[in-house]
$ cat input13.pdb   # PDB, C-alpha atoms and all ligand atoms
ATOM      1  CA  GLU C1185     -36.369 -26.584 -36.980
ATOM      2  CA  LEU C1186     -37.184 -28.236 -33.660
ATOM      3  CA  GLU C1187     -40.715 -29.459 -33.085
ATOM      4  CA  THR C1188     -42.800 -27.851 -30.337
ATOM      5  CA  ILE C1189     -43.485 -30.235 -27.469
ATOM      6  CA  ASN C1190     -46.961 -29.910 -25.943
ATOM      7  CA  VAL C1191     -47.309 -30.594 -22.232
ATOM      8  CA  PHE C1192     -50.564 -30.865 -20.283
ATOM      9  CA  SER C1193     -50.756 -30.471 -16.526
ATOM     10  CA  VAL C1194     -53.232 -29.742 -13.768
ATOM     11  CA  ALA C1195     -52.921 -28.174 -10.333
ATOM     12  CA  THR C1196     -54.970 -26.873  -7.498
ATOM     13  CA  GLY C1197     -53.861 -25.325  -4.236
ATOM     14  CA  HIS C1198     -50.770 -23.336  -3.363
ATOM     15  CA  LEU C1199     -48.464 -26.319  -2.891
ATOM     16  CA  TYR C1200     -49.223 -27.946  -6.245
ATOM     17  CA  GLU C1201     -49.038 -24.580  -7.996
ATOM     18  CA  ARG C1202     -45.548 -24.187  -6.512
ATOM     19  CA  PHE C1203     -44.644 -27.694  -7.698
ATOM     20  CA  LEU C1204     -46.033 -26.953 -11.153
ATOM     21  CA  LYS C1205     -43.764 -23.917 -11.605
ATOM     22  CA  ILE C1206     -40.765 -26.095 -10.713
ATOM     23  CA  MET C1207     -41.914 -28.774 -13.154
ATOM     24  CA  MET C1208     -42.096 -26.095 -15.873
ATOM     25  CA  LEU C1209     -38.576 -24.956 -14.997
ATOM     26  CA  SER C1210     -36.982 -28.407 -14.948
ATOM     27  CA  LEU C1211     -38.772 -29.527 -18.104
ATOM     28  CA  THR C1212     -37.913 -26.502 -20.256
ATOM     29  CA  GLN C1213     -34.326 -26.426 -19.008
ATOM     30  CA  SER C1214     -33.690 -30.059 -19.915
ATOM     31  CA  THR C1215     -34.780 -29.785 -23.562
ATOM     32  CA  LYS C1216     -33.738 -27.686 -26.533
ATOM     33  CA  ASN C1217     -37.140 -28.014 -28.163
ATOM     34  CA  PRO C1218     -39.732 -25.264 -27.792
ATOM     35  CA  VAL C1219     -42.331 -26.176 -25.163
ATOM     36  CA  HIS C1220     -46.019 -25.255 -25.043
ATOM     37  CA  PHE C1221     -47.784 -25.883 -21.726
ATOM     38  CA  TYR C1222     -51.549 -26.415 -21.625
ATOM     39  CA  LEU C1223     -52.718 -25.967 -18.042
ATOM     40  CA  LEU C1224     -56.197 -26.719 -16.763
ATOM     41  CA  ASP C1225     -57.592 -23.290 -15.940
ATOM     42  CA  THR C1226     -60.553 -24.369 -13.825
ATOM     43  CA  TYR C1227     -58.851 -24.754 -10.432
ATOM     44  CA  LEU C1228     -55.904 -22.382 -10.770
ATOM     45  CA  SER C1229     -55.653 -19.248  -8.646
ATOM     46  CA  PRO C1230     -55.508 -15.828 -10.380
ATOM     47  CA  GLY C1231     -52.089 -15.255  -8.807
ATOM     48  CA  PHE C1232     -50.748 -18.434 -10.342
ATOM     49  CA  ARG C1233     -52.025 -17.520 -13.803
ATOM     50  CA  GLU C1234     -50.102 -14.269 -13.667
ATOM     51  CA  GLU C1235     -46.957 -15.905 -12.283
ATOM     52  CA  ALA C1236     -47.049 -18.739 -14.813
ATOM     53  CA  THR C1237     -47.362 -16.202 -17.626
ATOM     54  CA  ILE C1238     -44.366 -14.238 -16.351
ATOM     55  CA  LEU C1239     -42.389 -17.437 -15.800
ATOM     56  CA  SER C1240     -43.155 -18.616 -19.341
ATOM     57  CA  GLU C1241     -41.746 -15.372 -20.751
ATOM     58  CA  SER C1242     -38.613 -15.839 -18.665
ATOM     59  CA  LEU C1243     -38.248 -19.489 -19.735
ATOM     60  CA  ASN C1244     -39.094 -18.743 -23.351
ATOM     61  CA  CYS C1245     -41.961 -21.217 -23.494
ATOM     62  CA  LYS C1246     -45.692 -20.837 -24.127
ATOM     63  CA  VAL C1247     -48.585 -21.253 -21.731
ATOM     64  CA  THR C1248     -52.240 -21.659 -22.647
ATOM     65  CA  PHE C1249     -54.949 -22.076 -20.021
ATOM     66  CA  VAL C1250     -57.553 -24.578 -21.148
ATOM     67  CA  SER C1251     -60.968 -25.404 -19.770
ATOM     68  CA  TYR C1252     -63.971 -27.540 -20.529
ATOM     69  CA  LYS C1253     -67.273 -27.500 -18.716
ATOM     70  CA  TRP C1254     -68.006 -30.852 -17.065
ATOM     71  CA  PRO C1255     -70.964 -32.130 -19.122
ATOM     72  CA  PRO C1256     -74.241 -32.298 -17.170
ATOM     73  CA  TRP C1257     -74.922 -35.820 -18.479
ATOM     74  CA  LEU C1258     -71.678 -37.209 -17.075
ATOM     75  CA  ARG C1259     -71.656 -38.208 -13.392
ATOM     76  CA  SER C1260     -70.085 -35.427 -11.351
ATOM     77  CA  GLN C1261     -67.539 -35.833  -8.586
ATOM     78  CA  SER C1262     -68.010 -34.140  -5.240
ATOM     79  CA  THR C1263     -64.352 -33.523  -4.351
ATOM     80  CA  ILE C1264     -61.977 -31.254  -6.272
ATOM     81  CA  GLN C1265     -59.326 -33.976  -6.109
ATOM     82  CA  ARG C1266     -61.538 -36.408  -8.015
ATOM     83  CA  ARG C1267     -62.765 -33.767 -10.471
ATOM     84  CA  ILE C1268     -59.122 -32.985 -11.257
ATOM     85  CA  TRP C1269     -58.448 -36.679 -11.811
ATOM     86  CA  GLY C1270     -61.417 -36.714 -14.181
ATOM     87  CA  TYR C1271     -60.035 -33.771 -16.130
ATOM     88  CA  LYS C1272     -56.692 -35.600 -16.487
ATOM     89  CA  ILE C1273     -58.247 -38.287 -18.653
ATOM     90  CA  LEU C1274     -61.914 -37.808 -19.604
ATOM     91  CA  PHE C1275     -61.781 -34.849 -21.999
ATOM     92  CA  LEU C1276     -58.512 -35.239 -23.898
ATOM     93  CA  ASP C1277     -60.450 -35.091 -27.188
ATOM     94  CA  VAL C1278     -62.133 -31.742 -26.476
ATOM     95  CA  LEU C1279     -59.811 -29.873 -24.105
ATOM     96  CA  PHE C1280     -57.181 -28.841 -26.640
ATOM     97  CA  PRO C1281     -57.173 -27.107 -30.039
ATOM     98  CA  GLN C1282     -58.413 -29.628 -32.586
ATOM     99  CA  ASN C1283     -55.258 -29.290 -34.685
ATOM    100  CA  LEU C1284     -53.021 -30.455 -31.825
ATOM    101  CA  LYS C1285     -51.542 -33.820 -32.798
ATOM    102  CA  LYS C1286     -49.826 -34.958 -29.640
ATOM    103  CA  ILE C1287     -49.519 -34.030 -25.975
ATOM    104  CA  ILE C1288     -47.653 -35.352 -22.934
ATOM    105  CA  PHE C1289     -49.352 -35.219 -19.542
ATOM    106  CA  VAL C1290     -46.933 -34.526 -16.674
ATOM    107  CA  ASP C1291     -47.965 -34.446 -13.003
ATOM    108  CA  ALA C1292     -47.348 -31.099 -11.308
ATOM    109  CA  ASP C1293     -45.117 -32.686  -8.654
ATOM    110  CA  GLN C1294     -42.507 -33.906 -11.112
ATOM    111  CA  VAL C1295     -38.908 -32.910 -11.748
ATOM    112  CA  MET C1296     -37.573 -33.669 -15.208
ATOM    113  CA  ARG C1297     -33.969 -34.862 -15.402
ATOM    114  CA  GLU C1298     -33.773 -35.784 -19.074
ATOM    115  CA  ASP C1299     -34.785 -34.294 -22.397
ATOM    116  CA  ILE C1300     -38.521 -34.904 -22.820
ATOM    117  CA  ARG C1301     -37.887 -35.005 -26.546
ATOM    118  CA  GLU C1302     -37.049 -38.707 -26.221
ATOM    119  CA  LEU C1303     -40.568 -39.305 -24.943
ATOM    120  CA  TRP C1304     -42.046 -37.026 -27.599
ATOM    121  CA  GLU C1305     -40.430 -39.015 -30.379
ATOM    122  CA  PHE C1306     -41.264 -42.435 -28.970
ATOM    123  CA  ASP C1307     -42.908 -44.790 -31.463
ATOM    124  CA  LEU C1308     -46.131 -45.835 -29.703
ATOM    125  CA  GLN C1309     -46.459 -48.646 -32.258
ATOM    126  CA  GLY C1310     -49.943 -47.679 -33.316
ATOM    127  CA  GLU C1311     -51.400 -47.330 -29.821
ATOM    128  CA  VAL C1312     -53.371 -44.287 -28.703
ATOM    129  CA  TYR C1313     -51.325 -43.603 -25.598
ATOM    130  CA  GLY C1314     -48.200 -44.679 -23.768
ATOM    131  CA  TYR C1315     -47.905 -45.046 -19.992
ATOM    132  CA  VAL C1316     -45.103 -46.351 -17.756
ATOM    133  CA  PRO C1317     -45.750 -49.596 -15.838
ATOM    134  CA  PHE C1318     -45.578 -49.341 -12.059
ATOM    135  CA  CYS C1319     -42.117 -49.969 -10.638
ATOM    136  CA  ASP C1320     -41.823 -53.173  -8.656
ATOM    137  CA  SER C1321     -38.194 -52.826  -7.588
ATOM    138  CA  ASN C1322     -38.924 -51.502  -4.086
ATOM    139  CA  ALA C1323     -39.609 -54.606  -2.007
ATOM    140  CA  ASP C1324     -40.936 -52.557   0.952
ATOM    141  CA  THR C1325     -44.075 -51.459  -0.883
ATOM    142  CA  LEU C1326     -44.687 -54.480  -3.101
ATOM    143  CA  GLY C1327     -47.401 -55.649  -0.716
ATOM    144  CA  PHE C1328     -49.409 -52.501  -1.508
ATOM    145  CA  GLN C1329     -49.603 -53.296  -5.222
ATOM    146  CA  PHE C1330     -53.239 -54.371  -5.145
ATOM    147  CA  TRP C1331     -53.309 -55.149  -8.897
ATOM    148  CA  ARG C1332     -51.003 -58.151  -8.461
ATOM    149  CA  GLU C1333     -53.847 -60.385  -7.359
ATOM    150  CA  GLY C1334     -57.600 -60.857  -7.429
ATOM    151  CA  TYR C1335     -59.827 -58.616  -9.523
ATOM    152  CA  TRP C1336     -57.120 -56.598 -11.269
ATOM    153  CA  LYS C1337     -54.921 -59.626 -11.919
ATOM    154  CA  ASP C1338     -57.854 -61.418 -13.552
ATOM    155  CA  LEU C1339     -58.630 -58.341 -15.633
ATOM    156  CA  LEU C1340     -55.074 -57.536 -16.746
ATOM    157  CA  GLY C1341     -53.692 -61.047 -17.177
ATOM    158  CA  ASP C1342     -50.013 -60.692 -18.057
ATOM    159  CA  LYS C1343     -50.293 -56.994 -18.859
ATOM    160  CA  PRO C1344     -48.792 -54.536 -16.369
ATOM    161  CA  TYR C1345     -50.790 -51.990 -14.343
ATOM    162  CA  HIS C1346     -49.602 -48.560 -15.496
ATOM    163  CA  ILE C1347     -49.021 -45.389 -13.463
ATOM    164  CA  SER C1348     -50.840 -42.216 -14.527
ATOM    165  CA  ALA C1349     -48.257 -39.619 -13.426
ATOM    166  CA  LEU C1350     -47.028 -39.186 -17.011
ATOM    167  CA  TYR C1351     -48.359 -40.280 -20.374
ATOM    168  CA  VAL C1352     -47.997 -39.555 -24.058
ATOM    169  CA  VAL C1353     -51.213 -39.196 -26.054
ATOM    170  CA  ASP C1354     -51.515 -39.438 -29.837
ATOM    171  CA  LEU C1355     -54.456 -37.026 -30.033
ATOM    172  CA  GLU C1356     -55.227 -37.809 -33.671
ATOM    173  CA  LYS C1357     -55.665 -41.516 -32.962
ATOM    174  CA  PHE C1358     -57.452 -40.693 -29.710
ATOM    175  CA  ARG C1359     -60.056 -38.668 -31.629
ATOM    176  CA  ASP C1360     -60.240 -41.008 -34.664
ATOM    177  CA  ARG C1361     -60.911 -44.072 -32.529
ATOM    178  CA  GLY C1362     -63.475 -42.345 -30.316
ATOM    179  CA  VAL C1363     -61.450 -43.141 -27.196
ATOM    180  CA  GLY C1364     -62.982 -40.176 -25.324
ATOM    181  CA  ASP C1365     -66.432 -41.745 -25.743
ATOM    182  CA  ILE C1366     -65.164 -45.167 -24.631
ATOM    183  CA  LEU C1367     -63.549 -43.679 -21.512
ATOM    184  CA  ARG C1368     -66.585 -41.547 -20.626
ATOM    185  CA  ALA C1369     -69.031 -44.439 -21.112
ATOM    186  CA  THR C1370     -66.855 -46.733 -18.980
ATOM    187  CA  TYR C1371     -66.470 -44.023 -16.351
ATOM    188  CA  GLU C1372     -70.230 -43.452 -16.270
ATOM    189  CA  SER C1373     -70.940 -47.116 -15.700
ATOM    190  CA  LEU C1374     -68.138 -47.798 -13.185
ATOM    191  CA  SER C1375     -68.679 -44.645 -11.123
ATOM    192  CA  ARG C1376     -72.241 -45.772 -10.335
ATOM    193  CA  ASP C1377     -70.458 -47.724  -7.600
ATOM    194  CA  PRO C1378     -68.812 -45.117  -5.325
ATOM    195  CA  ASN C1379     -66.167 -47.657  -4.285
ATOM    196  CA  SER C1380     -65.031 -48.143  -7.844
ATOM    197  CA  LEU C1381     -62.289 -46.092  -9.576
ATOM    198  CA  SER C1382     -60.607 -45.184  -6.290
ATOM    199  CA  ASN C1383     -57.661 -43.935  -8.356
ATOM    200  CA  LEU C1384     -59.908 -42.558 -11.080
ATOM    201  CA  ASP C1385     -57.425 -41.283 -13.667
ATOM    202  CA  GLN C1386     -55.238 -44.362 -13.266
ATOM    203  CA  ASP C1387     -57.793 -47.121 -12.863
ATOM    204  CA  LEU C1388     -59.797 -46.017 -15.904
ATOM    205  CA  PRO C1389     -57.199 -46.448 -18.694
ATOM    206  CA  ASN C1390     -55.951 -49.645 -17.059
ATOM    207  CA  PHE C1391     -59.517 -50.926 -16.846
ATOM    208  CA  VAL C1392     -60.185 -50.349 -20.568
ATOM    209  CA  SER C1393     -56.739 -51.586 -21.654
ATOM    210  CA  ASN C1394     -58.214 -54.711 -23.266
ATOM    211  CA  GLN C1395     -60.260 -52.459 -25.553
ATOM    212  CA  VAL C1396     -57.802 -49.539 -25.825
ATOM    213  CA  PRO C1397     -54.326 -51.048 -25.432
ATOM    214  CA  ILE C1398     -51.634 -49.082 -23.610
ATOM    215  CA  PHE C1399     -48.134 -48.856 -25.053
ATOM    216  CA  SER C1400     -45.695 -49.492 -22.187
ATOM    217  CA  LEU C1401     -43.014 -46.807 -21.973
ATOM    218  CA  PRO C1402     -39.589 -47.661 -20.480
ATOM    219  CA  GLN C1403     -39.443 -47.875 -16.692
ATOM    220  CA  SER C1404     -36.803 -45.139 -16.522
ATOM    221  CA  TRP C1405     -39.443 -42.624 -17.660
ATOM    222  CA  LEU C1406     -41.104 -42.566 -14.252
ATOM    223  CA  TRP C1407     -39.160 -42.960 -11.069
ATOM    224  CA  CYS C1408     -40.759 -42.484  -7.718
ATOM    225  CA  GLU C1409     -39.196 -43.413  -4.429
ATOM    226  CA  SER C1410     -42.286 -45.137  -3.073
ATOM    227  CA  TRP C1411     -42.286 -47.918  -5.687
ATOM    228  CA  CYS C1412     -38.807 -47.937  -7.265
ATOM    229  CA  SER C1413     -35.513 -49.036  -5.708
ATOM    230  CA  LEU C1414     -32.860 -46.470  -4.785
ATOM    231  CA  GLU C1415     -30.395 -48.234  -7.111
ATOM    232  CA  THR C1416     -32.544 -47.295 -10.106
ATOM    233  CA  LYS C1417     -32.730 -43.583  -9.204
ATOM    234  CA  VAL C1418     -29.590 -42.901 -11.246
ATOM    235  CA  GLU C1419     -31.418 -44.043 -14.419
ATOM    236  CA  SER C1420     -34.505 -41.940 -13.715
ATOM    237  CA  LYS C1421     -35.498 -39.509 -16.433
ATOM    238  CA  THR C1422     -38.286 -37.898 -14.470
ATOM    239  CA  ILE C1423     -39.047 -38.087 -10.768
ATOM    240  CA  ASP C1424     -42.551 -37.982  -9.318
ATOM    241  CA  LEU C1425     -43.048 -37.241  -5.628
ATOM    242  CA  CYS C1426     -45.755 -39.857  -5.324
ATOM    243  CA  ASN C1427     -47.144 -40.684  -1.914
ATOM    244  CA  ASN C1428     -45.643 -43.519   0.035
ATOM    245  CA  PRO C1429     -48.203 -45.926   1.523
ATOM    246  CA  LEU C1430     -45.778 -46.689   4.378
ATOM    247  CA  LYS C1431     -45.054 -43.189   5.636
ATOM    248  CA  LYS C1432     -46.932 -39.929   5.848
ATOM    249  CA  GLU C1433     -44.253 -37.479   4.832
ATOM    250  CA  PRO C1434     -45.380 -34.021   3.654
ATOM    251  CA  LYS C1435     -44.661 -33.622  -0.080
ATOM    252  CA  ILE C1436     -42.605 -30.530   0.486
ATOM    253  CA  ASP C1437     -40.250 -32.449   2.806
ATOM    254  CA  MET C1438     -40.135 -35.233   0.225
ATOM    255  CA  ALA C1439     -39.203 -32.712  -2.461
ATOM    256  CA  ARG C1440     -36.349 -31.231  -0.401
ATOM    257  CA  ARG C1441     -35.046 -34.659   0.555
ATOM    258  CA  ILE C1442     -35.348 -36.490  -2.778
ATOM    259  CA  ILE C1443     -34.413 -33.749  -5.276
ATOM    260  CA  LYS C1444     -30.857 -32.981  -4.220
ATOM    261  CA  GLY C1445     -27.347 -34.369  -4.468
ATOM    262  CA  GLU C1446     -25.094 -35.456  -7.269
ATOM    263  CA  LEU C1447     -27.871 -36.665  -9.578
ATOM    264  CA  PHE C1448     -29.210 -33.129  -9.875
ATOM    265  CA  GLU C1449     -27.782 -30.040 -11.493
ATOM    266  CA  LYS C1450     -30.000 -28.036  -9.174
ATOM    267  CA  SER C1451     -31.601 -29.102  -5.916
ATOM    268  CA  TRP C1452     -35.343 -28.614  -5.370
ATOM    269  CA  GLU C1453     -34.624 -25.658  -3.107
ATOM    270  CA  GLU C1454     -32.414 -24.019  -5.711
ATOM    271  CA  MET C1455     -35.104 -24.476  -8.334
ATOM    272  CA  ASP C1456     -37.711 -23.067  -5.952
ATOM    273  CA  GLU C1457     -35.512 -19.984  -5.448
ATOM    274  CA  GLU C1458     -34.845 -19.659  -9.170
ATOM    275  CA  VAL C1459     -38.567 -19.695  -9.950
ATOM    276  CA  LYS C1460     -39.169 -16.943  -7.385
ATOM    277  CA  ALA C1461     -36.288 -14.867  -8.764
ATOM    278  CA  ARG C1462     -37.458 -15.220 -12.372
ATOM    279  CA  ILE C1463     -41.005 -14.187 -11.440
ATOM    280  CA  GLY C1464     -39.669 -11.305  -9.344
ATOM    281  CA  ASP C1465     -37.516 -10.042 -12.216
ATOM    282  CA  GLY C1466     -40.426 -10.393 -14.618
ATOM    283  CA  LEU C1467     -42.681  -8.355 -12.344
ATOM    284  CA  VAL C1468     -40.081  -5.587 -12.029
ATOM    285  CA  GLY C1469     -39.669  -5.597 -15.809
ATOM    286  CA  ARG C1470     -43.416  -5.198 -16.252
ATOM    287  CA  GLU C1471     -43.672  -2.338 -13.762
ATOM    288  CA  SER C1472     -40.851  -0.370 -15.337
ATOM    289  CA  HIS C1473     -42.438  -1.018 -18.719
ATOM    290  CA  ASP C1474     -45.759   0.372 -17.455
ATOM    291  CA  GLU C1475     -44.032   3.580 -16.376
ATOM    292  CA  LEU C1476     -42.819   4.327 -19.893
TER     293      LEU C1476
HETATM  294  N1  LIG U1501     -53.246 -32.430  -7.625
HETATM  295  C1  LIG U1501     -53.411 -31.109  -7.297
HETATM  296  N2  LIG U1501     -53.752 -30.745  -6.020
HETATM  297  C2  LIG U1501     -53.916 -31.662  -5.045
HETATM  298  C3  LIG U1501     -53.729 -33.021  -5.360
HETATM  299  C4  LIG U1501     -53.389 -33.371  -6.670
HETATM  300  O1  LIG U1501     -53.268 -30.240  -8.135
HETATM  301  O2  LIG U1501     -54.213 -31.264  -3.902
HETATM  302  C5  LIG U1501     -52.899 -32.797  -9.021
HETATM  303  C6  LIG U1501     -51.440 -32.495  -9.356
HETATM  304  O3  LIG U1501     -51.283 -32.238 -10.730
HETATM  305  C7  LIG U1501     -50.787 -33.796  -8.998
HETATM  306  C8  LIG U1501     -51.813 -34.788  -9.537
HETATM  307  O4  LIG U1501     -53.077 -34.181  -9.233
HETATM  308  O5  LIG U1501     -49.517 -33.884  -9.568
HETATM  309  C9  LIG U1501     -51.732 -36.173  -8.916
HETATM  310  O6  LIG U1501     -51.745 -36.094  -7.514
HETATM  311  P1  LIG U1501     -50.477 -36.501  -6.658
HETATM  312  O7  LIG U1501     -49.253 -36.106  -7.398
HETATM  313  O8  LIG U1501     -50.652 -35.958  -5.281
HETATM  314  O9  LIG U1501     -50.610 -38.082  -6.632
HETATM  315  P2  LIG U1501     -49.438 -39.127  -6.334
HETATM  316  O10 LIG U1501     -48.352 -38.885  -7.334
HETATM  317  O11 LIG U1501     -48.985 -38.890  -4.929
HETATM  318  O12 LIG U1501     -50.090 -40.445  -6.524
HETATM  319 CA    CA U1502     -47.497 -37.201  -8.544
END
$ encode --input "input13.pdb" --output "structure tokens"
Amino acid sequence: ELETINVFSVATGHLYERFLKIMMLSLTQSTKNPVHFYLLDTYLSPGFREEATILSESLNCKVTFVSYKWPPWLRSQSTIQRRIWGYKILFLDVLFPQNLKKIIFVDADQVMREDIRELWEFDLQGEVYGYVPFCDSNADTLGFQFWREGYWKDLLGDKPYHISALYVVDLEKFRDRGVGDILRATYESLSRDPNSLSNLDQDLPNFVSNQVPIFSLPQSWLWCESWCSLETKVESKTIDLCNNPLKKEPKIDMARRIIKGELFEKSWEEMDEEVKARIGDGLVGRESHDEL
């Protein structure tokens, strides 16, 4: 029997909700394993909850909406964007059912090209979590990689700075080693300075990586055009539509441009249409069921 793969994701706003449905489609269609999505309930729209439920029935996967009240003793964040980043990393020990052993976080704006099972079965060699190092094969943006010198370079030494768009978490080790407490205490102290943790969910695990080491996943497990060379796109197992520091292109245009062509069984637009059709069919099915 195939093991159920648990996937955590977060979204807020219509655009990211649309991306999230496409992520769910591409991920479930590229694996044979059963998939159980855990989505952060707090910032989702009611319409999305209904659509995601219908879509999950159509895709034969499970969806659970999870939430956790931001503790009053932990410094709050004034923007939704930063609260969401906090939820990505700060409460992994308390957000999910306590019997859950492992989970993979996947950004909403991702398209999976390969079977996520490979990632699920990765030996993290005793570490609590695995992240992918930032690509450095795109020479155009190398100058924006602030961690290559100064403060971050001194902190990390020879270790890479990892990207937070996807990561595998061994929840048992995470709880056993009290990593939630370490992350929250570090967050509390760093966030006293409003200029610190500018990429909260990414800076935090990198910052504590001397205390809580990160297992480095293979580069092919996170391709994004902004930081990786075009030659390596063919090896990409998942594609994130991460922002490009050099150009302000709307993510939806990025999606249409990047997710198409011979590397893809379905283009982004085809997947977008398929999601709509599946939800439409599901709604019709429900209405006719109600009439009985
Ligand atoms: N996110 C969201 N709504 C937003 C911005 C971000 O839901 O308006 C969530 C979403 O899950 C997204 C993640 O935060 O995938 C990280 O943000 P984004 O992908 O925009 O960052 P980037 O990959 O460009 O660094
Ligand atoms: Ca992203």
$ resolve_selection --input "input13.pdb" --expression "the PyMOL selection byres (((chain C and resi 1328) around 12) and not hetatm)" --output "list in words"
Phe1318, Cys1319, Asp1320, Asn1322, Ala1323, Asp1324, Thr1325, Leu1326, Gly1327, Gln1329, Phe1330, Trp1331, Arg1332, Glu1333, Ser1410, Trp1411, Asn1428, Pro1429 and Leu1430 of chain C
$ closest_residue --input "input13.pdb" --among "C:Ala1349, C:Ala1236, C:Leu1276, C:Ile1443" --to "ligand LIG 1501 (chain U)" --atoms "all atoms listed in the file"
C:Ala1349
$ axis_aligned_box --input "input13.pdb" --around "ligand LIG 1501 (chain U)" --padding-each-side "8 Å" --output "JSON"
{"center_x": -51.3, "center_y": -35.3, "center_z": -7.3, "size_x": 21.9, "size_y": 26.2, "size_z": 22.8}
$ residues_around --input "input13.pdb" --residues "Trp1452 of chain C" --least-positions-apart "6" --cutoff "10 Å" --atoms "only C-alpha atoms" --output "list in words"
Phe1203, Ile1206, Ser1210, Val1295, Ile1436, Met1438, Ala1439, Arg1440, Arg1441, Ile1442, Ile1443, Lys1444, Gly1445 and Glu1458 of chain C
$ resolve_selection --input "input13.pdb" --expression "the PyMOL selection byres (((chain C and resi 1384) around 12) and not hetatm)" --output "number ranges by chain"
C: 1261, 1265-1274, 1347-1348, 1367-1368, 1370-1372, 1374-1375, 1378-1383, 1385-1391
$ closest_residue --input "input13.pdb" --among "C:Trp1304, C:Trp1405, C:Tyr1222, C:Phe1448" --to "Ser1420 of chain C" --atoms "all atoms listed in the file"
C:Trp1405
$ closest_residue --input "input13.pdb" --among "C:Leu1243, C:Ile1264, C:Val1418, C:Ile1423" --to "ligand CA 1502 (chain U)" --atoms "all atoms listed in the file"
C:Ile1423
$ resolve_selection --input "input13.pdb" --expression "the PyMOL selection byres (((not hetatm)) within 8 of (chain U and resi 1501))" --output "ChimeraX atom specification"
/C:1193-1197,1199-1201,1204,1265,1268-1269,1290-1294,1349,1424-1428
$ closest_residue --input "input13.pdb" --among "C:Thr1422, C:Ser1260, C:Thr1215, C:Asn1283" --to "ligand CA 1502 (chain U)" --atoms "only C-alpha atoms and all ligand atoms"
C:Thr1422
$ residues_near_point --input "input13.pdb" --point "(-28.3, -27.5, -15.0)" --cutoff "8 Å" --atoms "only C-alpha atoms" --output "ChimeraX atom specification"
/C:1213-1214,1448-1450
$ residues_around --input "input13.pdb" --residues "Lys1357 of chain C" --least-positions-apart "6" --cutoff "9 Å" --atoms "only C-alpha atoms" --output "list in words"
Lys1285, Gly1310, Glu1311, Val1312, Tyr1313 and Val1363 of chain C
$ atom_distance --input "input13.pdb" --atom1 "atom CA of His1220 of chain C" --atom2 "atom CA of Arg1202 of chain C"
18.6 Å
$ closest_residue --input "input13.pdb" --among "C:Ile1366, C:Cys1245, C:Leu1258, C:Met1207" --to "ligand CA 1502 (chain U)" --atoms "all atoms listed in the file"
C:Met1207
$ atom_distance --input "input13.pdb" --atom1 "atom CA of Ala1369 of chain C" --atom2 "atom CA of Thr1248 of chain C"
28.3 Å
$ atom_distance --input "input13.pdb" --atom1 "atom CA of Ile1189 of chain C" --atom2 "atom CA of Phe1358 of chain C"
17.6 Å
